[in-house]
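Peer 1: I have a structure I would like to understand better, so I am pasting it below and will then ask my questions one at a time.
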Amino acid sequence: MTRKVILYFCAMEKSSYSVRFLRKHFASLLDAAYSPDEANTLIMILFEHHFNINRITMALNPELSLNDTEHDIIEKSVNELLTNRPVQYVIGKEVFCDMDFFVNENVLIPRPETEELVFHIKQEFEGKTDANADYEVLDIGTGSGCIAVSLAKLLSNSHITAIDISTGALEVARRNAIANHATVDFIQADILSRPQLDRTFDVIVSNPPYVCDCEKKDMRANVLDFEPSTALFVSDDDPLLFYREIVNLAQHSLKPDGTVWFEINERFGEDMVLLCRNNGFSNTSVFRDFRDKDRFIRARR
């Protein structure tokens, strides 16, 4: 083999490689930790995020190449993915309700199920008779702020308040509110301490920790090793802990005829209905998500 050919396959005269080649090269490295389809998808996410190169751009410009600096950026991101770090943390964002949300290890990565929760609430507001009323909404355990910020953008006649116990999460949520030009009042508080709030609300919404400790064995390393466990997991002995506290809070913080909305563990739909009914809530309904699993509860005071 000639020196020229050896160099071609060795530790990379980086500027000489086309994007098409690099895509295959880095995807093959990711095959060690991901399926081939996942690896290809992840590489395309990196190209589009870092350099605005998508599949169409790549097809129309097959010899498009990266310089040394650009190559190093992709290589660094690939190395992070090889540690099982979620791609959303690698690129620092996730799209939610058609908006970009900054994310890091202080907050959960927003899920598509939670988008459904937001749109259920939006539909409820659209069905109200007084379209000009100012509605008060409380988001408990806001994390990245994805629910609060999205509702602030979707419900123009509303005032949004968001609570979280985590300083780091609130920093992320405030950043997302500013970036998306949303007005949200953020409060640092522990819902388990039953904080006193200075107003009552038309809607209280929460996506609290609901994954039982016993379910950890079925979860992927990129979730277990990187996403904040305090925002995910709840004890097997008391899986409805946060829901019970929020229902108690709603007794004095929810306006008459107000509603609570929850995202829930699919295993506890019936238990959640009983919890709400036993605490004075009526018209309690379970909604299924796009995977046909019990995922949301709505209850009216």
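By convention here, the chains of the structure tokens are called A, B, ... in the order presented, each chain's residues are numbered starting at 1, and ligands are numbered starting at 1 in the order presented.
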Using only C-alpha atoms, which protein or nucleic acid residues come within 10 Å of segment 27-39 of chain A? Drop anything in the same chain fewer than 6 positions from it, and give the result as a list of chain:residue names.
Peer 2: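 My list of contacting residues is A:Phe21, A:Ile45, A:Val78, A:Asn79, A:Leu81, A:Leu82, A:Thr83, A:Asn84.
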Peer 1: Generate the output file for the selected residues, N, CA, C and O atoms, as a PDB file, in the first residue's frame.
Peer 2:
ATOM      1  N   PHE A  21     -18.411  11.388   3.089  1.00  0.00           N
ATOM      2  CA  PHE A  21     -17.505  10.401   3.677  1.00  0.00           C
ATOM      3  C   PHE A  21     -17.563  10.454   5.199  1.00  0.00           C
ATOM      4  O   PHE A  21     -17.631   9.426   5.880  1.00  0.00           O
ATOM      5  N   ILE A  45     -28.343  14.872  12.668  1.00  0.00           N
ATOM      6  CA  ILE A  45     -28.699  15.915  13.636  1.00  0.00           C
ATOM      7  C   ILE A  45     -27.491  16.809  13.903  1.00  0.00           C
ATOM      8  O   ILE A  45     -27.599  18.046  13.948  1.00  0.00           O
ATOM      9  N   VAL A  78     -19.459  13.488  18.489  1.00  0.00           N
ATOM     10  CA  VAL A  78     -19.555  12.031  18.361  1.00  0.00           C
ATOM     11  C   VAL A  78     -18.977  11.351  19.602  1.00  0.00           C
ATOM     12  O   VAL A  78     -19.553  10.382  20.127  1.00  0.00           O
ATOM     13  N   ASN A  79     -17.860  11.862  20.098  1.00  0.00           N
ATOM     14  CA  ASN A  79     -17.269  11.271  21.302  1.00  0.00           C
ATOM     15  C   ASN A  79     -18.203  11.397  22.500  1.00  0.00           C
ATOM     16  O   ASN A  79     -18.275  10.499  23.341  1.00  0.00           O
ATOM     17  N   LEU A  81     -21.503  11.415  22.269  1.00  0.00           N
ATOM     18  CA  LEU A  81     -22.558  10.432  22.029  1.00  0.00           C
ATOM     19  C   LEU A  81     -22.096   9.027  22.410  1.00  0.00           C
ATOM     20  O   LEU A  81     -22.892   8.212  22.871  1.00  0.00           O
ATOM     21  N   LEU A  82     -20.826   8.756  22.214  1.00  0.00           N
ATOM     22  CA  LEU A  82     -20.298   7.430  22.536  1.00  0.00           C
ATOM     23  C   LEU A  82     -20.276   7.162  24.038  1.00  0.00           C
ATOM     24  O   LEU A  82     -20.121   6.013  24.456  1.00  0.00           O
ATOM     25  N   THR A  83     -20.422   8.203  24.852  1.00  0.00           N
ATOM     26  CA  THR A  83     -20.546   8.008  26.294  1.00  0.00           C
ATOM     27  C   THR A  83     -22.005   7.820  26.710  1.00  0.00           C
ATOM     28  O   THR A  83     -22.308   7.758  27.897  1.00  0.00           O
ATOM     29  N   ASN A  84     -22.917   7.758  25.732  1.00  0.00           N
ATOM     30  CA  ASN A  84     -24.373   7.654  25.939  1.00  0.00           C
ATOM     31  C   ASN A  84     -25.015   8.983  26.319  1.00  0.00           C
ATOM     32  O   ASN A  84     -26.199   9.017  26.689  1.00  0.00           O
TER      33      ASN A  84
END
Peer 1: Each residue of segment 51-118 of chain A with at least one atom at most 8 Å from segment 199-222 of chain A should appear once, together with its nearest atom pair and the corresponding distance in Å (one decimal); atoms considered: only C-alpha atoms; ordering: chain, then increasing residue number; output as JSON lines.
Peer 2:
{"residue": "A:Asn84", "atom": "CA", "partner": "A:Asn222", "partner_atom": "CA", "distance": 4.8}
{"residue": "A:Arg85", "atom": "CA", "partner": "A:Asn222", "partner_atom": "CA", "distance": 5.5}
{"residue": "A:Pro86", "atom": "CA", "partner": "A:Asn222", "partner_atom": "CA", "distance": 5.7}
{"residue": "A:Thr114", "atom": "CA", "partner": "A:Asn207", "partner_atom": "CA", "distance": 7.8}
Peer 1: Find the distance between atom CA of Gln251 of chain A and atom CA of Phe186 of chain A and write it in Å to one decimal.
Peer 2: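 Spanning atom CA of Gln251 of chain A to atom CA of Phe186 of chain A is a straight-line distance of 21.4 Å.
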Peer 1: Using only C-alpha atoms, find the one residue out of A:Asn283, A:Ser150, A:Ser193, A:Ser166 that sits nearest to Glu105 of chain A.
Peer 2: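 The shortest atom-to-atom distance to Glu105 of chain A comes from A:Ser166.
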Peer 1: What is the distance, in Å and to one decimal place, between atom CA of Gly141 of chain A and atom CA of Glu80 of chain A?
Peer 2: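 If I compute the distance from atom CA of Gly141 of chain A to atom CA of Glu80 of chain A, I get 28.1 Å.
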Peer 1: Quick check for you: according to DSSP on this backbone, which residues of segment 18-235 of chain A are classed as strand (DSSP E)? Reply as a ChimeraX atom specification.
Peer 2: /A:93-96,99-102,135-140,158-164,184-188,201-206,211-212,233-234
Peer 1: Store the residues picked out above in a file with C-alpha atoms, as a PDB file, in the first residue's frame.
Peer 2:
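Output contents, as saved in selection_5.pdb:
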ATOM      1  CA  LYS A  93     -31.543  21.970  22.631  1.00  0.00           C
ATOM      2  CA  GLU A  94     -34.777  20.155  21.894  1.00  0.00           C
ATOM      3  CA  VAL A  95     -37.718  21.276  19.785  1.00  0.00           C
ATOM      4  CA  PHE A  96     -41.014  21.440  21.667  1.00  0.00           C
ATOM      5  CA  MET A  99     -39.919  26.189  19.593  1.00  0.00           C
ATOM      6  CA  ASP A 100     -36.279  25.618  20.489  1.00  0.00           C
ATOM      7  CA  PHE A 101     -35.680  24.890  24.171  1.00  0.00           C
ATOM      8  CA  PHE A 102     -32.224  24.958  25.686  1.00  0.00           C
ATOM      9  CA  TYR A 135     -56.738  33.103  33.015  1.00  0.00           C
ATOM     10  CA  GLU A 136     -54.248  32.104  35.690  1.00  0.00           C
ATOM     11  CA  VAL A 137     -52.184  28.968  35.019  1.00  0.00           C
ATOM     12  CA  LEU A 138     -49.743  27.245  37.389  1.00  0.00           C
ATOM     13  CA  ASP A 139     -47.099  24.777  36.159  1.00  0.00           C
ATOM     14  CA  ILE A 140     -45.643  22.691  38.991  1.00  0.00           C
ATOM     15  CA  SER A 158     -53.298  34.041  30.337  1.00  0.00           C
ATOM     16  CA  HIS A 159     -50.863  34.676  33.166  1.00  0.00           C
ATOM     17  CA  ILE A 160     -48.422  31.806  33.716  1.00  0.00           C
ATOM     18  CA  THR A 161     -46.669  30.959  36.973  1.00  0.00           C
ATOM     19  CA  ALA A 162     -44.120  28.137  37.191  1.00  0.00           C
ATOM     20  CA  ILE A 163     -42.620  26.402  40.228  1.00  0.00           C
ATOM     21  CA  ASP A 164     -39.530  24.246  40.584  1.00  0.00           C
ATOM     22  CA  VAL A 184     -43.652  33.620  32.949  1.00  0.00           C
ATOM     23  CA  ASP A 185     -43.374  34.206  36.714  1.00  0.00           C
ATOM     24  CA  PHE A 186     -40.911  31.689  38.140  1.00  0.00           C
ATOM     25  CA  ILE A 187     -40.919  30.657  41.798  1.00  0.00           C
ATOM     26  CA  GLN A 188     -38.434  28.414  43.579  1.00  0.00           C
ATOM     27  CA  PHE A 201     -55.577  29.507  39.417  1.00  0.00           C
ATOM     28  CA  ASP A 202     -57.914  28.446  36.657  1.00  0.00           C
ATOM     29  CA  VAL A 203     -55.606  25.586  35.682  1.00  0.00           C
ATOM     30  CA  ILE A 204     -52.894  23.726  37.567  1.00  0.00           C
ATOM     31  CA  VAL A 205     -50.721  21.481  35.395  1.00  0.00           C
ATOM     32  CA  SER A 206     -47.898  19.176  36.361  1.00  0.00           C
ATOM     33  CA  VAL A 211     -41.246   6.617  37.033  1.00  0.00           C
ATOM     34  CA  CYS A 212     -41.022   4.018  39.797  1.00  0.00           C
ATOM     35  CA  PHE A 233     -38.090   8.786  39.756  1.00  0.00           C
ATOM     36  CA  VAL A 234     -40.390   8.184  42.681  1.00  0.00           C
TER      37      VAL A 234
END
Peer 1: What does the distance from atom CA of His49 of chain A to atom CA of Asp68 of chain A come to in Å, to one decimal?
Peer 2: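 Distance reported for this atom pair: 17.4 Å.
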Peer 1: Counting only C-alpha atoms, figure out which residue out of A:Ala169, A:Leu274, A:Val286, A:Ala179 gets nearest to Arg298 of chain A.
Peer 2: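 Going through A:Ala169, A:Leu274, A:Val286, A:Ala179 one by one, the smallest distance to Arg298 of chain A is for A:Val286.
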Peer 1: Taking 4 positions as the minimum chain separation for residues in the same chain, which residues sit within 9 Å of Phe296 of chain A when counting only C-alpha atoms? Answer as a list in words.
Peer 2: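 So the residues in contact are Glu116, Leu117, Trp261, Phe262, Glu263, Ile264, Asn265, Glu266, Gly269, Ser285, Val286, Phe287, Arg288 and Asp289 of chain A.
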Peer 1: Would you mind exporting N, CA and C atoms of the selected residues as a CSV table (one decimal), in the first residue's frame?
Peer 2:
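Printed below is out.csv as written:
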chain,number,residue,atom,x,y,z
A,116,GLU,N,-48.4,16.8,23.8
A,116,GLU,CA,-49.8,16.5,23.8
A,116,GLU,C,-50.6,17.1,25.0
A,117,LEU,N,-49.9,17.0,26.1
A,117,LEU,CA,-50.5,17.6,27.3
A,117,LEU,C,-50.8,19.1,27.1
A,261,TRP,N,-54.5,19.3,35.5
A,261,TRP,CA,-54.0,18.4,34.4
A,261,TRP,C,-52.7,17.8,34.8
A,262,PHE,N,-52.6,16.5,34.6
A,262,PHE,CA,-51.4,15.7,35.0
A,262,PHE,C,-50.9,14.9,33.8
A,263,GLU,N,-49.6,14.8,33.7
A,263,GLU,CA,-49.0,13.7,32.9
A,263,GLU,C,-48.7,12.6,34.0
A,264,ILE,N,-49.0,11.3,33.6
A,264,ILE,CA,-49.0,10.3,34.6
A,264,ILE,C,-48.2,9.0,34.1
A,265,ASN,N,-47.9,8.2,35.0
A,265,ASN,CA,-47.4,6.8,34.7
A,265,ASN,C,-48.6,6.0,34.2
A,266,GLU,N,-48.4,5.4,33.1
A,266,GLU,CA,-49.5,4.6,32.5
A,266,GLU,C,-50.1,3.5,33.4
A,269,GLY,N,-53.4,5.0,36.0
A,269,GLY,CA,-54.6,5.7,35.5
A,269,GLY,C,-55.7,5.6,36.5
A,285,SER,N,-61.2,12.6,33.9
A,285,SER,CA,-61.0,11.8,32.7
A,285,SER,C,-59.6,11.4,32.4
A,286,VAL,N,-59.4,10.3,31.8
A,286,VAL,CA,-58.1,9.8,31.4
A,286,VAL,C,-57.9,9.9,29.9
A,287,PHE,N,-56.8,10.4,29.5
A,287,PHE,CA,-56.5,10.6,28.0
A,287,PHE,C,-55.3,9.7,27.7
A,288,ARG,N,-55.4,9.1,26.5
A,288,ARG,CA,-54.3,8.3,26.1
A,288,ARG,C,-53.4,9.1,25.2
A,289,ASP,N,-52.1,8.7,25.2
A,289,ASP,CA,-51.1,9.4,24.3
A,289,ASP,C,-51.1,8.8,22.9
Peer 1: From a DSSP calculation on the backbone, collect every residue of segment 144-229 of chain A in alpha helix (DSSP H) and output the set as a VMD selection string.
Peer 2: chain A and resid 146 to 154 167 to 179 221 to 224
Peer 1: Using only C-alpha atoms, can you tell me which of A:Gln88, A:Thr142, A:Thr259, A:Glu270 comes closest to Gly168 of chain A?
Peer 2: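 Of the candidates, the smallest distance to Gly168 of chain A is held by A:Thr142.
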Peer 1: Which of these residues is nearest to Leu155 of chain A, using only C-alpha atoms: A:Glu113, A:Glu245, A:Asp134, A:Asp237?
Peer 2: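 Closest candidate: A:Asp134.
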